[in-house]
file input.txt (compact mmCIF, C-alpha atoms and all ligand atoms)
# COMPACT_ATOMS: atom_id res chain seq x y z
CA MET A 299 77.98 12.26 -28.85
CA ALA A 300 80.26 12.44 -25.88
CA ILE A 301 82.30 15.50 -25.15
CA THR A 302 85.89 14.42 -25.19
CA PRO A 303 89.08 16.41 -24.79
CA PRO A 304 91.01 17.21 -27.99
CA GLU A 305 93.58 14.66 -29.02
CA GLN A 306 96.36 17.07 -28.39
CA ARG A 307 95.70 18.23 -24.85
CA ILE A 308 97.86 21.37 -25.02
CA TRP A 309 96.14 22.56 -28.22
CA TRP A 310 96.57 26.26 -27.52
CA ASN A 311 100.32 26.27 -27.14
CA GLU A 312 101.11 26.31 -30.87
CA PRO A 313 103.30 28.89 -32.57
CA ILE A 314 101.17 31.52 -34.33
CA HIS A 315 100.73 30.97 -38.04
CA GLN A 316 102.35 33.61 -40.26
CA VAL A 317 99.10 34.39 -42.09
CA GLU A 318 97.22 34.89 -38.84
CA LEU A 319 99.92 37.18 -37.52
CA GLY A 320 99.86 39.11 -40.78
CA TRP A 321 96.11 39.77 -40.46
CA ILE A 322 96.41 40.78 -36.81
CA VAL A 323 99.07 43.34 -37.74
CA ILE A 324 97.01 44.68 -40.68
CA ALA A 325 93.87 45.03 -38.51
CA PHE A 326 95.83 46.74 -35.75
CA LEU A 327 97.50 49.23 -38.09
CA TRP A 328 94.18 49.94 -39.86
CA GLY A 329 92.54 50.61 -36.49
CA LEU A 330 95.31 53.05 -35.59
CA PHE A 331 95.07 54.76 -38.97
CA MET A 332 91.28 55.21 -38.69
CA PHE A 333 91.65 56.51 -35.14
CA PHE A 334 94.02 59.30 -36.12
CA PHE A 335 92.15 59.96 -39.35
CA MET A 336 89.08 61.03 -37.32
CA ILE A 337 90.69 64.48 -37.18
CA ALA A 338 90.85 64.62 -40.98
CA TRP A 339 87.07 64.13 -41.34
CA HIS A 340 86.60 67.59 -39.89
CA PHE A 341 88.38 69.05 -42.92
CA ILE A 342 87.34 66.73 -45.74
CA GLY A 343 84.00 65.22 -46.58
CA GLU A 344 81.93 67.97 -44.92
CA GLN A 345 79.90 65.50 -42.90
CA ASN A 346 81.43 65.99 -39.48
CA LEU A 347 80.37 68.99 -37.49
CA SER A 348 83.06 70.67 -35.45
CA THR A 349 81.04 71.80 -32.47
CA GLU A 350 81.89 74.07 -29.60
CA THR A 351 80.54 72.89 -26.29
CA TYR A 352 80.07 74.72 -23.02
CA ARG A 353 78.78 73.76 -19.60
CA ILE A 354 75.50 75.43 -18.75
CA ASN A 355 72.82 75.12 -16.13
CA PRO A 356 69.65 73.72 -17.84
CA THR A 357 67.44 76.40 -16.26
CA ALA A 358 69.80 79.17 -17.40
CA TYR A 359 69.71 77.75 -20.93
CA GLU A 360 65.91 77.61 -20.91
CA GLU A 361 65.85 81.29 -19.92
CA LYS A 362 68.23 82.19 -22.76
CA VAL A 363 65.99 80.43 -25.30
CA GLU A 364 62.88 82.14 -23.95
CA ALA A 365 64.56 85.56 -24.11
CA PHE A 366 65.67 84.81 -27.67
CA ALA A 367 62.14 83.77 -28.69
CA ASP A 368 60.57 86.86 -27.06
CA LYS A 369 63.00 89.17 -28.83
CA TYR A 370 62.65 87.85 -32.38
CA GLN A 371 59.20 86.24 -32.55
CA VAL A 372 57.45 86.95 -35.87
CA GLY A 373 54.53 84.56 -35.79
CA GLU A 374 53.02 81.42 -34.38
CA GLU A 375 52.29 77.92 -35.70
CA ASP A 376 50.14 75.52 -33.66
CA GLY A 377 50.81 77.54 -30.52
CA VAL A 378 54.58 77.48 -31.04
CA PRO A 379 56.37 80.78 -31.68
CA VAL A 380 58.07 81.26 -35.04
CA VAL A 381 61.32 83.12 -34.46
CA ARG A 382 63.33 84.95 -37.09
CA ALA A 383 66.78 86.00 -35.98
CA PRO A 384 68.86 88.43 -38.04
CA ALA A 385 71.61 86.90 -40.19
CA GLY A 386 74.80 86.08 -38.36
CA GLU A 387 72.96 86.05 -35.06
CA ASP A 388 73.05 83.39 -32.35
CA VAL A 389 70.01 81.13 -32.65
CA TYR A 390 68.79 79.12 -29.67
CA LEU A 391 66.93 75.82 -29.79
CA LEU A 392 65.68 73.99 -26.76
CA ALA A 393 65.07 70.26 -26.50
CA ARG A 394 62.59 69.20 -23.85
CA LEU A 395 59.97 66.53 -23.23
CA TRP A 396 58.72 66.33 -26.00
CA GLU A 397 59.46 69.06 -28.45
CA TRP A 398 62.15 71.10 -30.12
CA TRP A 399 61.27 74.69 -29.29
CA PRO A 400 60.76 77.23 -30.88
CA ILE A 401 60.28 77.10 -34.68
CA ILE A 402 63.07 79.07 -36.30
CA GLU A 403 63.29 80.89 -39.58
CA LEU A 404 66.65 81.29 -41.33
CA LYS A 405 67.73 82.93 -44.57
CA LYS A 406 69.40 80.93 -47.31
CA GLY A 407 73.10 81.70 -47.74
CA GLN A 408 73.46 83.39 -44.34
CA SER A 409 75.51 81.93 -41.52
CA TYR A 410 74.17 81.35 -38.05
CA ARG A 411 75.45 80.04 -34.78
CA ILE A 412 72.90 77.46 -33.71
CA HIS A 413 72.88 76.69 -29.99
CA LEU A 414 71.45 73.37 -28.82
CA SER A 415 70.80 72.06 -25.34
CA SER A 416 68.25 70.15 -23.33
CA ALA A 417 66.12 71.22 -20.40
CA ASP A 418 65.66 67.72 -19.02
CA TRP A 419 66.88 64.45 -20.54
CA GLN A 420 69.11 63.35 -23.34
CA HIS A 421 67.63 64.14 -26.75
CA GLY A 422 68.75 63.95 -30.34
CA PHE A 423 68.93 66.67 -32.95
CA SER A 424 68.43 65.10 -36.35
CA LEU A 425 67.88 67.56 -39.16
CA GLN A 426 65.77 66.18 -42.00
CA PRO A 427 66.17 65.65 -44.91
CA THR A 428 69.85 66.57 -44.52
CA ASN A 429 71.98 64.27 -42.47
CA ILE A 430 73.01 66.35 -39.47
CA ASN A 431 72.93 64.56 -36.13
CA VAL A 432 73.87 65.89 -32.72
CA GLN A 433 73.41 64.19 -29.37
CA VAL A 434 72.04 66.76 -26.92
CA HIS A 435 72.50 66.59 -23.15
CA PRO A 436 71.18 68.78 -20.34
CA GLY A 437 74.04 70.81 -18.88
CA TYR A 438 75.95 71.06 -22.18
CA GLU A 439 75.43 73.78 -24.74
CA HIS A 440 76.52 72.86 -28.27
CA VAL A 441 77.12 75.54 -30.86
CA ILE A 442 77.13 74.59 -34.52
CA ASN A 443 77.89 76.95 -37.39
CA LEU A 444 75.23 76.51 -40.01
CA THR A 445 74.77 78.09 -43.43
CA PRO A 446 71.60 76.85 -45.16
CA THR A 447 72.23 76.23 -48.85
CA GLU A 448 68.65 75.51 -49.90
CA ALA A 449 65.34 77.14 -49.05
CA GLY A 450 62.51 75.01 -47.74
CA ASP A 451 60.99 73.48 -44.65
CA TYR A 452 63.22 71.26 -42.56
CA GLY A 453 62.14 68.95 -39.82
CA ILE A 454 63.97 68.20 -36.62
CA ILE A 455 63.37 64.81 -35.07
CA CYS A 456 64.63 63.45 -31.81
CA ASN A 457 66.73 60.37 -32.48
CA GLU A 458 67.66 59.50 -28.91
CA TYR A 459 65.03 57.55 -27.01
CA CYS A 460 63.58 59.89 -24.38
CA GLY A 461 60.51 58.19 -22.99
CA ILE A 462 56.85 57.77 -23.79
CA GLY A 463 56.58 60.83 -26.06
CA HIS A 464 59.85 60.27 -27.95
CA HIS A 465 58.14 59.49 -31.27
CA THR A 466 56.22 62.80 -31.14
CA MET A 467 59.27 64.94 -30.43
CA THR A 468 59.78 67.11 -33.47
CA GLY A 469 60.65 70.66 -34.43
CA ARG A 470 60.83 72.84 -37.53
CA ILE A 471 63.25 75.12 -39.30
CA HIS A 472 62.06 77.27 -42.19
CA VAL A 473 64.67 78.47 -44.64
CA THR A 474 63.57 81.43 -46.76
CA GLU A 475 65.12 82.76 -50.00
CU1 LIG A 501 63.67 63.52 -27.21
CU2 LIG A 501 63.57 61.31 -28.05
call {"tool": "encode", "arguments": {"input": "input.txt", "output": "C-alpha cells", "more": "lines below"}}
Ligand code: CUA
result
Amino acid sequence: MAITPPEQRIWWNEPIHQVELGWIVIAFLWGLFMFFFMIAWHFIGEQNLSTETYRINPTAYEEKVEAFADKYQVGEEDGVPVVRAPAGEDVYLLARLWEWWPIIELKKGQSYRIHLSSADWQHGFSLQPTNINVQVHPGYEHVINLTPTEAGDYGIICNEYCGIGHHTMTGRIHVTE
C-alpha cells in the first residue's frame, strides 16, 4: 500500500464540530472544578493530610531525632530503640538508607505531632494497613497531626525507590490501649 496524501489536501482547516467543541468545554470545566476542589478534600473525606512543612538541615534533623530517642527510650527491638513519647508530644521519625528509625509507641485516642524527614535521599512514608502516604525529602521537615483510633502494630514501608536496599526499608509504630 502506497502512502498517498488525503483527497482533501487542506484536511485540517475544517470548522470544529459542535459535539467536539461541547466535549472540549466539558473537559476543560471539569478540570478547573477538580483543581479548585483539591482544597475541599482537606475538609471532607478525611484522606488528605494537611501537613506543615519547614526547611531543616538534614544533620540538624538527625540530631533532633536522636535526642528524642535518648529522652523517651523504653526498650529495644532487634537493636532498634523503642520510644514512647508522652501524649500530645512531638514525635520524631527519621528516614535513612534503609530504615525508618526509631520504633515508636503511641497511645490510642491521644493526639501527636509526628515529624518526618530524611537524612539522605528521598523516601516514602507509607503507614500500613491504613492508607497514609507522605513523600519525604531531606531538608524538609513535615509535621502531621495523628490520633490513632485503633490499637495494634503498624508497619511503615518506604514507597519511594531509594536504591539497592529500598525493599528492606521498613519501620514500626506500636499503638497501645
Ligand atoms: Cu527509602 Cu525506598
call {"tool": "closest_atom_pairs", "arguments": {"input": "input.txt", "of": "segment 414-455 of chain A", "to": "segment 354-378 of chain A", "cutoff": "10 Å", "atoms": "only C-alpha atoms", "output": "JSON lines"}}
result
{"residue": "A:Leu414", "atom": "CA", "partner": "A:Tyr359", "partner_atom": "CA", "distance": 9.2}
{"residue": "A:Ser415", "atom": "CA", "partner": "A:Tyr359", "partner_atom": "CA", "distance": 7.3}
{"residue": "A:Ser416", "atom": "CA", "partner": "A:Pro356", "partner_atom": "CA", "distance": 6.7}
{"residue": "A:Ala417", "atom": "CA", "partner": "A:Pro356", "partner_atom": "CA", "distance": 5.0}
{"residue": "A:Asp418", "atom": "CA", "partner": "A:Pro356", "partner_atom": "CA", "distance": 7.3}
{"residue": "A:His435", "atom": "CA", "partner": "A:Pro356", "partner_atom": "CA", "distance": 9.3}
{"residue": "A:Pro436", "atom": "CA", "partner": "A:Pro356", "partner_atom": "CA", "distance": 5.7}
{"residue": "A:Gly437", "atom": "CA", "partner": "A:Ile354", "partner_atom": "CA", "distance": 4.8}
{"residue": "A:Tyr438", "atom": "CA", "partner": "A:Ile354", "partner_atom": "CA", "distance": 5.6}
{"residue": "A:Glu439", "atom": "CA", "partner": "A:Ile354", "partner_atom": "CA", "distance": 6.2}
{"residue": "A:His440", "atom": "CA", "partner": "A:Ile354", "partner_atom": "CA", "distance": 9.9}
call {"tool": "closest_residue", "arguments": {"input": "input.txt", "among": "A:His413, A:Trp309, A:Met336, A:Leu395", "to": "Tyr352 of chain A", "atoms": "all atoms listed in the file"}}
result
A:His413
call {"tool": "residues_near_ligand", "arguments": {"input": "input.txt", "ligand": "ligand LIG 501 (chain A)", "cutoff": "7 Å", "atoms": "only C-alpha atoms and all ligand atoms", "output": "list in words"}}
result
Ala393, Arg394, Leu395, Trp396, Gln420, His421, Gly422, Cys456, Asn457, Glu458, Tyr459, Cys460, Gly461, His464, His465 and Met467 of chain A
call {"tool": "closest_residue", "arguments": {"input": "input.txt", "among": "A:Phe335, A:Phe341, A:Trp399, A:Trp328", "to": "Pro379 of chain A", "atoms": "all atoms listed in the file"}}
result
A:Trp399
call {"tool": "atom_distance", "arguments": {"input": "input.txt", "atom1": "atom CA of Thr349 of chain A", "atom2": "atom CA of Val389 of chain A"}}
result
14.4 Å
call {"tool": "atom_distance", "arguments": {"input": "input.txt", "atom1": "atom CA of Asn311 of chain A", "atom2": "atom CA of Val323 of chain A"}}
result
20.1 Å
call {"tool": "atom_distance", "arguments": {"input": "input.txt", "atom1": "atom CA of Val381 of chain A", "atom2": "atom CA of Trp398 of chain A"}}
result
12.8 Å
call {"tool": "closest_residue", "arguments": {"input": "input.txt", "among": "A:Ile314, A:Leu444, A:Leu347, A:Leu392", "to": "Val432 of chain A", "atoms": "all atoms listed in the file"}}
result
A:Leu347
call {"tool": "closest_residue", "arguments": {"input": "input.txt", "among": "A:Trp419, A:Trp310, A:Trp321, A:Tyr410", "to": "Tyr390 of chain A", "atoms": "only C-alpha atoms"}}
result
A:Tyr410
call {"tool": "closest_residue", "arguments": {"input": "input.txt", "among": "A:Arg411, A:Ile442, A:Glu448, A:Gly453", "to": "Pro427 of chain A", "atoms": "only C-alpha atoms"}}
result
A:Gly453
call {"tool": "closest_residue", "arguments": {"input": "input.txt", "among": "A:Leu425, A:Val380, A:Ile471, A:Val441", "to": "Ile455 of chain A", "atoms": "all atoms listed in the file"}}
result
A:Leu425
